[in-house]
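Heads up, final18.cif below (mmCIF, C-alpha atoms):
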```
data_query
loop_
_atom_site.label_atom_id
_atom_site.label_comp_id
_atom_site.auth_asym_id
_atom_site.auth_seq_id
_atom_site.Cartn_x
_atom_site.Cartn_y
_atom_site.Cartn_z
CA MET P 419 -189.99 173.66 -17.24
CA SER P 420 -188.00 175.47 -14.52
CA SER P 421 -190.75 178.12 -14.33
CA LEU P 422 -193.29 175.56 -13.10
CA GLN P 423 -193.97 175.91 -9.38
CA PRO P 424 -196.47 174.33 -6.95
CA VAL P 425 -199.92 175.91 -7.09
CA ARG P 426 -200.28 178.75 -4.59
CA GLY P 427 -201.23 177.37 -1.20
CA THR P 428 -199.67 173.97 -1.85
CA ARG P 429 -196.14 172.72 -1.27
CA ASP P 430 -193.83 169.79 -1.76
CA LEU P 431 -192.90 167.73 1.30
CA ILE P 432 -189.26 166.78 0.96
CA GLY P 433 -186.44 165.91 3.34
CA ASP P 434 -186.87 167.03 6.94
CA GLU P 435 -190.38 168.39 6.32
CA GLN P 436 -191.53 165.04 4.98
CA ARG P 437 -189.90 163.22 7.91
CA ARG P 438 -191.73 165.47 10.38
CA HIS P 439 -195.00 164.95 8.52
CA ARG P 440 -194.54 161.17 8.57
CA HIS P 441 -193.51 161.26 12.24
CA VAL P 442 -196.76 162.99 13.22
CA ILE P 443 -198.87 160.45 11.33
CA ASP P 444 -196.91 157.42 12.54
CA THR P 445 -197.08 158.61 16.15
CA ALA P 446 -200.81 159.31 15.96
CA ARG P 447 -201.47 156.00 14.23
CA HIS P 448 -199.57 154.11 16.95
CA VAL P 449 -201.16 155.90 19.92
CA SER P 450 -204.70 155.73 18.51
CA GLY P 451 -204.15 152.00 17.99
CA LEU P 452 -203.42 151.65 21.69
CA TYR P 453 -206.90 153.10 22.30
CA GLY P 454 -208.51 150.64 19.89
CA PHE P 455 -209.04 152.96 16.93
CA ASP P 456 -208.95 151.41 13.44
CA GLU P 457 -207.78 153.41 10.44
CA TRP P 458 -210.25 154.30 7.69
CA SER P 459 -209.45 155.88 4.34
CA THR P 460 -212.24 157.73 2.53
CA PRO P 461 -212.10 159.23 -0.99
CA ILE P 462 -210.45 162.61 -1.42
CA PHE P 463 -213.58 163.88 -3.16
CA GLU P 464 -217.23 163.29 -2.31
CA GLU P 465 -220.64 164.33 -3.55
CA THR P 466 -220.96 168.00 -2.71
CA ARG P 467 -224.01 167.29 -0.53
CA VAL P 468 -221.81 165.43 1.96
CA PHE P 469 -220.25 168.74 2.96
CA SER P 470 -222.85 171.36 2.07
CA ARG P 471 -225.45 169.49 4.12
CA THR P 472 -223.21 169.05 7.16
CA LEU P 473 -221.09 172.20 7.23
CA GLY P 474 -224.03 174.55 6.73
CA GLU P 475 -225.18 175.97 3.41
CA THR P 476 -224.25 179.51 4.52
CA SER P 477 -220.96 178.73 6.28
CA ASP P 478 -217.73 180.30 5.01
CA VAL P 479 -216.36 176.86 4.17
CA VAL P 480 -219.29 176.07 1.87
CA THR P 481 -219.79 179.51 0.33
CA LYS P 482 -216.18 180.63 -0.02
CA GLU P 483 -213.63 177.86 0.57
CA MET P 484 -214.74 174.55 -0.97
CA TYR P 485 -213.15 173.26 -4.15
CA THR P 486 -216.33 172.21 -5.94
CA PHE P 487 -216.69 171.29 -9.60
CA THR P 488 -219.02 169.49 -11.97
CA ASP P 489 -217.51 166.31 -13.36
CA ARG P 490 -217.98 164.98 -16.88
CA GLY P 491 -221.05 163.07 -15.80
CA GLY P 492 -222.73 166.27 -14.60
CA ASP P 493 -222.39 165.47 -10.89
CA SER P 494 -221.25 168.09 -8.38
CA VAL P 495 -218.25 166.84 -6.43
CA THR P 496 -216.07 168.52 -3.82
CA LEU P 497 -212.52 167.95 -2.63
CA ARG P 498 -212.98 167.18 1.04
CA PRO P 499 -212.48 170.22 3.28
CA GLU P 500 -212.57 168.11 6.48
CA GLY P 501 -212.72 164.47 7.54
CA THR P 502 -215.64 164.01 9.94
CA ALA P 503 -218.44 164.27 7.38
CA ALA P 504 -216.68 161.77 5.11
CA VAL P 505 -216.29 159.27 7.96
CA CYS P 506 -219.97 159.58 8.88
CA ARG P 507 -220.94 159.14 5.23
CA ALA P 508 -218.79 156.00 5.10
CA LEU P 509 -220.44 154.70 8.26
CA VAL P 510 -223.89 155.01 6.72
CA SER P 511 -223.03 153.87 3.17
CA ASN P 512 -221.24 150.78 4.44
CA GLY P 513 -224.12 149.75 6.71
CA LEU P 514 -222.13 150.09 9.92
CA THR P 515 -224.71 151.97 11.99
CA GLN P 516 -225.81 148.59 13.38
CA SER P 517 -222.23 147.67 14.34
CA LEU P 518 -221.45 150.21 17.02
CA PRO P 519 -219.27 151.45 18.52
CA GLN P 520 -216.93 152.31 15.68
CA LYS P 521 -213.57 153.82 16.63
CA VAL P 522 -212.02 155.48 13.59
CA PHE P 523 -208.60 157.05 12.99
CA TYR P 524 -207.85 158.84 9.70
CA ALA P 525 -205.02 160.80 8.13
CA GLY P 526 -204.80 162.56 4.79
CA PRO P 527 -205.05 165.71 2.70
CA MET P 528 -207.90 168.23 2.91
CA PHE P 529 -208.60 171.19 0.64
CA ARG P 530 -209.86 174.72 1.29
CA TYR P 531 -209.53 177.83 -0.82
CA GLU P 532 -208.30 180.44 1.65
CA ARG P 533 -205.44 182.89 2.04
CA PRO P 534 -202.24 180.91 2.59
CA GLN P 535 -200.27 181.85 5.71
CA LYS P 536 -197.95 180.27 8.25
CA GLY P 537 -199.25 176.79 9.05
CA ARG P 538 -202.23 177.13 6.70
CA TYR P 539 -202.36 175.86 3.14
CA ARG P 540 -204.99 175.25 0.47
CA GLN P 541 -203.99 171.62 0.46
CA PHE P 542 -203.34 170.77 4.08
CA HIS P 543 -203.26 167.53 6.03
CA GLN P 544 -205.09 166.30 9.09
CA ILE P 545 -205.19 163.43 11.50
CA GLY P 546 -208.46 162.75 13.28
CA LEU P 547 -210.42 160.46 15.57
CA GLU P 548 -214.12 159.66 15.58
CA LEU P 549 -215.72 157.58 18.34
CA ILE P 550 -219.18 156.74 17.04
CA GLY P 551 -221.89 155.12 19.16
CA PRO P 552 -221.29 155.89 22.84
CA ALA P 553 -223.41 158.64 24.38
CA GLU P 554 -221.59 158.60 27.72
CA PRO P 555 -219.31 161.45 28.85
CA LEU P 556 -216.43 159.01 29.35
CA ALA P 557 -216.27 158.69 25.54
CA ASP P 558 -215.56 162.41 25.35
CA ALA P 559 -212.81 162.02 27.94
CA GLU P 560 -211.34 159.07 26.02
CA VAL P 561 -210.91 160.92 22.72
CA ILE P 562 -209.42 163.90 24.56
CA ALA P 563 -207.06 161.58 26.45
CA CYS P 564 -205.96 159.97 23.19
CA GLY P 565 -205.26 163.39 21.68
CA TRP P 566 -203.31 164.40 24.77
CA GLN P 567 -201.20 161.23 24.63
CA ILE P 568 -200.43 161.86 20.95
CA LEU P 569 -199.22 165.35 21.84
CA GLU P 570 -197.15 163.93 24.69
CA SER P 571 -195.65 161.28 22.41
CA LEU P 572 -194.71 164.00 19.92
CA GLY P 573 -192.99 165.87 22.76
CA ILE P 574 -195.16 168.97 22.38
CA ALA P 575 -197.72 168.63 25.20
CA LYS P 576 -195.92 171.31 27.22
CA SER P 577 -196.41 173.73 24.33
CA VAL P 578 -200.21 173.44 24.27
CA VAL P 579 -203.14 174.11 26.58
CA LEU P 580 -206.40 172.16 26.55
CA GLU P 581 -209.36 174.56 26.53
CA LEU P 582 -212.75 173.06 27.37
CA ASN P 583 -216.38 174.16 27.12
CA THR P 584 -219.85 172.70 26.91
CA LEU P 585 -222.53 173.46 24.34
CA GLY P 586 -225.19 171.80 26.49
CA ASP P 587 -228.14 169.80 25.23
CA MET P 588 -230.83 171.06 22.88
CA ASP P 589 -232.84 172.76 25.63
CA SER P 590 -229.70 174.49 26.88
CA ARG P 591 -228.82 175.69 23.40
CA ASN P 592 -232.31 176.98 22.71
CA ALA P 593 -232.27 179.02 25.92
CA TYR P 594 -228.78 180.27 25.16
CA ARG P 595 -229.71 181.18 21.59
CA ALA P 596 -232.58 183.31 22.87
CA ALA P 597 -230.24 185.07 25.30
CA LEU P 598 -227.75 185.80 22.51
CA VAL P 599 -230.44 187.17 20.21
CA GLU P 600 -231.61 189.49 22.98
CA TYR P 601 -228.04 190.66 23.64
CA PHE P 602 -226.82 191.11 20.05
CA THR P 603 -230.04 192.82 18.94
CA ARG P 604 -228.97 195.79 21.07
CA PHE P 605 -225.89 196.15 18.85
CA THR P 606 -227.40 195.39 15.45
CA SER P 607 -226.17 198.60 13.85
CA ASP P 608 -222.60 197.91 15.02
CA LEU P 609 -222.37 194.29 13.88
CA SER P 610 -220.62 193.29 10.66
CA ASP P 611 -222.83 192.35 7.71
CA ASP P 612 -222.02 188.66 8.19
CA SER P 613 -223.01 188.81 11.84
CA LYS P 614 -226.23 190.66 11.08
CA ALA P 615 -227.20 187.76 8.83
CA ARG P 616 -226.14 185.24 11.48
CA LEU P 617 -228.26 186.97 14.11
CA GLU P 618 -231.36 185.64 12.42
CA ARG P 619 -230.07 182.25 11.30
CA ASN P 620 -227.57 181.17 13.94
CA PRO P 621 -226.46 183.70 16.56
CA LEU P 622 -223.92 181.27 18.07
CA ARG P 623 -221.76 181.78 15.00
CA ILE P 624 -221.36 185.45 15.87
CA LEU P 625 -219.19 184.26 18.76
CA ASP P 626 -216.75 182.90 16.15
CA SER P 627 -216.52 186.18 14.21
CA LYS P 628 -213.03 187.42 13.34
CA ASP P 629 -214.26 191.00 12.75
CA GLU P 630 -212.65 193.29 15.34
CA GLY P 631 -215.86 195.26 15.91
CA ASP P 632 -217.80 192.04 16.47
CA ARG P 633 -215.16 190.74 18.85
CA ARG P 634 -215.49 193.80 21.07
CA ILE P 635 -219.23 193.20 21.29
CA VAL P 636 -218.77 189.46 21.84
CA ALA P 637 -216.47 190.15 24.81
CA ASP P 638 -219.47 191.00 27.00
CA ALA P 639 -221.94 188.50 25.52
CA PRO P 640 -223.59 186.03 27.91
CA THR P 641 -222.11 182.53 28.25
CA ILE P 642 -224.00 179.27 28.17
CA ALA P 643 -223.24 178.43 31.81
CA ALA P 644 -226.35 180.16 33.15
CA HIS P 645 -228.57 178.32 30.64
CA LEU P 646 -227.45 174.71 31.15
CA THR P 647 -230.09 172.17 32.10
CA PRO P 648 -229.28 169.87 35.06
CA LEU P 649 -228.66 167.05 32.58
CA ALA P 650 -226.19 169.13 30.58
CA GLU P 651 -224.46 170.35 33.72
CA GLY P 652 -224.10 166.76 34.94
CA PHE P 653 -222.62 165.66 31.61
CA TYR P 654 -220.06 168.48 31.71
CA ASP P 655 -219.17 167.65 35.32
CA ALA P 656 -218.54 164.03 34.35
CA VAL P 657 -216.17 165.03 31.54
CA ARG P 658 -214.25 167.44 33.77
CA ASN P 659 -214.00 164.90 36.57
CA ALA P 660 -212.74 162.20 34.19
CA LEU P 661 -210.03 164.46 32.80
CA THR P 662 -209.00 165.52 36.28
CA GLY P 663 -208.83 161.86 37.31
CA LEU P 664 -206.53 161.13 34.36
CA GLY P 665 -204.26 164.02 35.29
CA ILE P 666 -204.95 165.89 32.05
CA PRO P 667 -204.80 169.65 32.73
CA PHE P 668 -207.37 171.97 31.17
CA VAL P 669 -208.77 175.47 31.41
CA GLU P 670 -212.37 176.38 30.74
CA ASN P 671 -213.05 178.71 27.83
CA PRO P 672 -216.74 179.64 27.50
CA ARG P 673 -216.09 181.20 24.07
CA ILE P 674 -215.42 177.87 22.34
CA VAL P 675 -218.55 177.24 20.29
CA ARG P 676 -219.74 175.16 17.35
CA GLY P 677 -222.47 176.84 15.35
CA LEU P 678 -224.25 173.90 13.75
CA ASP P 679 -227.15 172.24 15.50
CA TYR P 680 -225.75 168.73 15.44
CA TYR P 681 -223.01 169.75 17.90
CA ASN P 682 -223.80 169.35 21.59
CA HIS P 683 -222.16 168.96 24.99
CA THR P 684 -218.35 168.89 24.90
CA ALA P 685 -216.31 171.29 22.76
CA PHE P 686 -212.55 171.53 23.15
CA GLU P 687 -209.37 172.84 21.57
CA PHE P 688 -205.68 172.28 22.15
CA VAL P 689 -204.08 175.69 21.58
CA THR P 690 -200.54 177.06 21.51
CA THR P 691 -198.96 180.50 21.56
CA GLU P 692 -195.96 179.35 19.51
CA LEU P 693 -197.51 179.57 16.03
CA GLY P 694 -198.79 183.13 15.98
CA ALA P 695 -202.42 183.57 14.97
CA GLN P 696 -202.79 179.89 14.08
CA GLY P 697 -203.12 178.88 17.72
CA THR P 698 -205.41 175.84 17.51
CA VAL P 699 -203.55 172.62 16.71
CA MET P 700 -206.32 170.15 17.59
CA GLY P 701 -210.04 170.69 18.08
CA GLY P 702 -213.24 168.74 18.36
CA GLY P 703 -216.28 167.86 20.38
CA ARG P 704 -219.51 165.90 20.45
CA TYR P 705 -221.77 165.84 17.38
CA ASP P 706 -224.73 163.57 18.13
CA GLY P 707 -226.84 164.76 15.19
CA LEU P 708 -224.44 164.42 12.25
CA VAL P 709 -224.98 160.75 11.35
CA LYS P 710 -228.73 161.39 11.13
CA GLN P 711 -228.08 164.25 8.71
CA MET P 712 -226.24 161.71 6.55
CA GLY P 713 -229.39 159.59 6.33
CA GLY P 714 -228.54 157.26 9.20
CA PRO P 715 -230.28 156.79 12.54
CA GLU P 716 -229.82 159.05 15.53
CA THR P 717 -226.25 158.17 16.55
CA PRO P 718 -224.10 159.81 19.23
CA ALA P 719 -220.49 160.56 18.31
CA VAL P 720 -217.48 162.54 19.47
CA GLY P 721 -214.12 163.26 17.84
CA TRP P 722 -211.40 165.69 16.91
CA ALA P 723 -209.15 166.73 14.04
CA ALA P 724 -205.62 168.12 14.11
CA GLY P 725 -203.52 169.88 11.51
CA ILE P 726 -200.41 167.88 10.68
CA GLU P 727 -198.55 170.96 9.40
CA ARG P 728 -199.07 172.80 12.68
CA LEU P 729 -198.13 169.80 14.81
CA ALA P 730 -195.00 169.25 12.72
CA MET P 731 -193.96 172.86 13.26
CA LEU P 732 -194.01 172.28 17.02
CA VAL P 733 -191.89 169.13 16.90
CA THR P 734 -188.41 170.28 17.92
CA ALA P 735 -186.39 167.14 17.28
CA LEU P 736 -186.72 163.88 15.40
CA ALA P 737 -184.99 160.63 16.19
CA ALA P 738 -182.03 160.25 13.89
CA GLU P 739 -182.45 157.95 10.93
CA ALA P 740 -180.35 154.80 11.16
CA ALA P 741 -176.95 155.40 9.55
CA PRO P 742 -176.56 153.33 6.38
CA ILE P 743 -173.98 150.68 5.65
CA ALA P 744 -171.97 151.46 2.53
CA VAL P 745 -171.19 148.53 0.25
CA ILE P 746 -168.07 149.30 -1.80
CA PRO P 747 -166.75 147.08 -4.59
CA ALA P 748 -163.01 147.40 -5.11
CA GLY P 749 -162.92 147.12 -8.87
CA ASP P 750 -165.46 146.43 -11.58
CA GLU P 751 -165.07 142.68 -11.26
CA ALA P 752 -166.42 142.75 -7.70
CA GLU P 753 -169.43 144.93 -8.49
CA ALA P 754 -171.91 142.11 -9.24
CA ALA P 755 -171.01 140.30 -6.02
CA ALA P 756 -171.23 143.58 -4.06
CA PHE P 757 -174.69 144.20 -5.47
CA GLY P 758 -175.77 140.79 -4.17
CA ILE P 759 -174.40 141.64 -0.71
CA LEU P 760 -176.32 144.91 -0.82
CA GLN P 761 -179.57 143.04 -1.39
CA ARG P 762 -178.76 140.51 1.33
CA LEU P 763 -178.28 143.31 3.88
CA ARG P 764 -181.51 145.01 2.90
CA GLN P 765 -183.44 141.75 3.19
CA ALA P 766 -182.01 141.45 6.70
CA GLY P 767 -183.48 144.85 7.55
CA ILE P 768 -180.20 146.79 7.39
CA ARG P 769 -180.26 150.13 5.60
CA SER P 770 -177.59 149.92 2.90
CA GLU P 771 -176.31 151.96 -0.05
CA MET P 772 -173.91 151.42 -2.93
CA SER P 773 -172.58 154.03 -5.34
CA TYR P 774 -172.95 153.11 -9.00
CA ARG P 775 -169.64 154.57 -10.12
CA GLY P 776 -166.24 155.75 -8.95
CA ASN P 777 -163.03 154.17 -7.73
CA LEU P 778 -162.49 152.95 -4.17
CA ARG P 779 -161.40 156.37 -2.88
CA ARG P 780 -164.38 158.20 -4.35
CA ARG P 781 -166.84 155.63 -3.11
CA MET P 782 -165.36 155.89 0.39
CA GLU P 783 -165.67 159.68 0.23
CA ARG P 784 -169.32 159.33 -0.71
CA ALA P 785 -169.90 156.86 2.15
CA ASN P 786 -168.51 159.43 4.59
CA LYS P 787 -170.68 162.18 3.12
CA GLN P 788 -173.73 159.93 3.58
CA GLY P 789 -172.84 159.50 7.24
CA ALA P 790 -172.43 155.74 6.80
CA ARG P 791 -171.83 153.74 9.98
CA ALA P 792 -169.54 151.26 8.33
CA ALA P 793 -168.25 150.18 4.93
CA VAL P 794 -168.36 146.69 3.50
CA ILE P 795 -165.44 146.56 1.08
CA LEU P 796 -165.30 143.72 -1.40
CA GLY P 797 -162.38 142.99 -3.68
CA THR P 798 -162.12 140.29 -6.35
CA GLU P 799 -159.97 138.04 -4.14
CA ASP P 800 -162.33 138.60 -1.19
CA ALA P 801 -165.28 137.51 -3.32
CA ALA P 802 -163.44 134.36 -4.34
CA ARG P 803 -162.74 133.49 -0.69
CA GLY P 804 -166.26 134.36 0.54
CA VAL P 805 -165.12 137.20 2.82
CA VAL P 806 -165.45 141.00 3.01
CA GLN P 807 -163.54 143.76 4.75
CA LEU P 808 -165.77 145.49 7.33
CA LYS P 809 -164.51 148.97 8.16
CA ASP P 810 -165.93 150.82 11.14
CA LEU P 811 -166.14 154.42 9.89
CA VAL P 812 -166.29 155.78 13.44
CA SER P 813 -163.29 154.04 15.00
CA GLY P 814 -161.42 153.35 11.77
CA ALA P 815 -160.94 149.68 12.68
CA GLN P 816 -161.11 147.20 9.81
CA THR P 817 -161.65 143.45 10.10
CA GLU P 818 -162.09 140.57 7.73
CA VAL P 819 -165.52 138.95 8.08
CA ALA P 820 -166.90 135.82 6.48
CA LEU P 821 -169.82 136.63 4.22
CA ASP P 822 -172.14 134.35 6.16
CA ALA P 823 -171.29 136.24 9.37
CA LEU P 824 -171.62 139.74 7.92
CA VAL P 825 -175.15 140.53 9.14
CA ALA P 826 -174.28 139.50 12.69
CA ALA P 827 -171.04 141.51 12.59
CA ILE P 828 -172.87 144.67 11.46
CA ARG P 829 -175.48 144.25 14.18
CA ALA P 830 -172.70 143.85 16.73
CA LEU P 831 -171.15 147.22 15.88
CA PRO P 832 -171.24 149.53 18.90
CA PRO P 833 -173.45 152.64 18.69
CA ALA P 834 -171.77 155.48 16.87
CA GLU P 835 -171.64 157.58 20.05
CA ALA P 836 -169.74 154.86 21.85
CA GLY P 837 -167.12 154.56 19.15
CA ALA P 838 -166.71 158.30 18.61
#
```

Transcribe the structure of this file into structure tokens.
Amino acid sequence: MSSLQPVRGTRDLIGDEQRRHRHVIDTARHVSGLYGFDEWSTPIFEETRVFSRTLGETSDVVTKEMYTFTDRGGDSVTLRPEGTAAVCRALVSNGLTQSLPQKVFYAGPMFRYERPQKGRYRQFHQIGLELIGPAEPLADAEVIACGWQILESLGIAKSVVLELNTLGDMDSRNAYRAALVEYFTRFTSDLSDDSKARLERNPLRILDSKDEGDRRIVADAPTIAAHLTPLAEGFYDAVRNALTGLGIPFVENPRIVRGLDYYNHTAFEFVTTELGAQGTVMGGGRYDGLVKQMGGPETPAVGWAAGIERLAMLVTALAAEAAPIAVIPAGDEAEAAAFGILQRLRQAGIRSEMSYRGNLRRRMERANKQGARAAVILGTEDAARGVVQLKDLVSGAQTEVALDALVAAIRALPPAEAGA
């Protein structure tokens, strides 16, 4: 059995890694709640159409990275590679398109078959927000502001930069697409095979190419700024002005794009230089056409997703866990009574531990190894009199405390720093 290891691209979350993971989720859940977002949980696997229809039949995610299989009933199902499509599917299937706006927070595992590297796994985890219903630019600013506050609450906002762009409206994108086709056609022979195919289907996706030759060509490609309609320009101005008014710093990056047609207007990424090539820790934008692709009505929406693993890697320090109270029976006869005290403390919300074996000295040694704040020592005579000995493991002071007053006495202990 010792030869069994986690599947490549997956890992166990234990100890400090699990605490960081939980800290990211708990922080995001709390902050998003302040903004009025409710948590949704969707299934880990969906009908394959949920993702193939929304991510693009020819995208790398669909053609190369999805974990897709046929179940015993003959249906094609896919482990979810991202959360937005699943949330929009849930909106439609649960009849919520008539109950807008919907403000959704989610957290959970996603799955993509790709080369594992620092901060990137085949089973990875994301938090995300979706604000479904509002078409106004202030909605875009709100989801960005919520993301920014989550990063601030995690203590990592100074490590990231908000990069902002606009994809314009449909007229803007059509004009921009034509300009890109004209530009890239001049370099057809130099483009990668993938980009040659994209030139006909979706030239915006060439801007996302990781091929070094493509990137050199992309460096001089036109930007969308010159092709924005007055309406699109006004929308972008409103988002920028709202962020400036909130004191949220940003830089404009005209190379942030989203290739699929249901994306429009705002696109943004929070990026860092502290994780090597995996620089984006949170990204999103407006996707007004996605709910319709799911079979619902035309519904505006905006949101983002963030990788929990990458955020956790940026968290430099966690608040210390509360030190436990060690309950120590002095002799076998006192063990049953000590076990009852242990339960009483836990029901009072006090973290408590008791070793199952060992004499008084060994149990005290274990309490010190656990970093216990204090020890509740109970002998047979103490149990008969309804008292315990409370030993402060920082100062060394020991006092006799009536059992009924034990919870209050523990809560009255000074902080460990003060007694050190």

(request) Measuring atom to atom with all atoms listed in the file, identify which of P:Glu687, P:Glu727, P:Glu716, P:Glu570 is nearest to Thr445 of chain P. (result) P:Glu570

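With only C-alpha atoms as the atoms that count, the residue of P:Ala559, P:Val720, P:Ala637, P:Ile726 with the shortest distance to Ala446 of chain P is P:Ile726.
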
(request) List the neighbours of Asp629 of chain P out to 12 Å using all atoms listed in the file; skip same-chain residues closer than 2 positions along the sequence, and give me the result as a list in words. (result) Asp608, Leu609, Ser610, Asp611, Asp612, Ser613, Ile624, Leu625, Asp626, Ser627, Gly631, Asp632, Arg633, Arg634, Ile635 and Val636 of chain P

(request) Pick out the residues sitting within 9 Å of segment 531-535 of chain P, and hand them over as a PyMOL selection string; count all atoms listed in the file, and ignore anything fewer than 4 positions along from it in its own chain. (result) chain P and resi 426-428+479+482-485+539-541+696

(request) Would you work out the distance separating atom CA of Leu585 of chain P from atom CA of Ser470 of chain P, expressed in Å to one decimal? (result) 22.4 Å

(request) Mind checking which residues fall within 12 Å of Leu831 of chain P, counting all atoms listed in the file, ignoring those fewer than 2 positions away in the same chain, and posting them as a count of residues only? (result) 25

(message) List the spatial neighbours of Ile562 of chain P as a PyMOL selection string - criterion: any atom at most 12 Å away, only C-alpha atoms, same-chain residues fewer than 6 positions off excluded.
(response) chain P and resi 450+453+546-549+555-556+568-569+580-582+657-658+660-662+664-668+684-688+700-704+720-724

(request) Determine the nearest neighbour of Gly714 of chain P from the options P:Val442, P:Ile550, P:Val510, P:Ala504, counting only C-alpha atoms. (result)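 Selected residue with least distance to Gly714 of chain P: P:Val510.
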
(request) Find the residues around segment 767-775 of chain P up to 8 Å (all atoms listed in the file counted), leave out those fewer than 3 positions away in its own chain, and share them as a list in words. (result)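 Contacts, in chain order: Ala740, Ala741, Pro742, Ile743, Ala744, Val745, Ile746, Phe757, Leu760, Leu763, Arg764, Arg781 and Arg784 of chain P.
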
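Between atom CA of Val806 of chain P and atom CA of Ala752 of chain P the interatomic distance comes to 10.9 Å.
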
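Among the candidate residues P:Leu729, P:Cys506, P:Met528, P:Ala719, the one lying nearest to Gly697 of chain P is P:Leu729, with distances computed using only C-alpha atoms.
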
(message) For a quick check of understanding, using all atoms listed in the file, which of P:Asn592, P:Gln765, P:Phe455, P:Thr691 has the smallest distance to Arg728 of chain P?
(response) P:Thr691

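Minimum distance to Gly758 of chain P across P:Leu617, P:Gly433, P:Val522, P:Leu821 (counting only C-alpha atoms) occurs at P:Leu821.
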
(request) Would you work out the distance separating atom CA of Arg595 of chain P from atom CA of Phe469 of chain P, expressed in Å to one decimal? (result) 24.3 Å
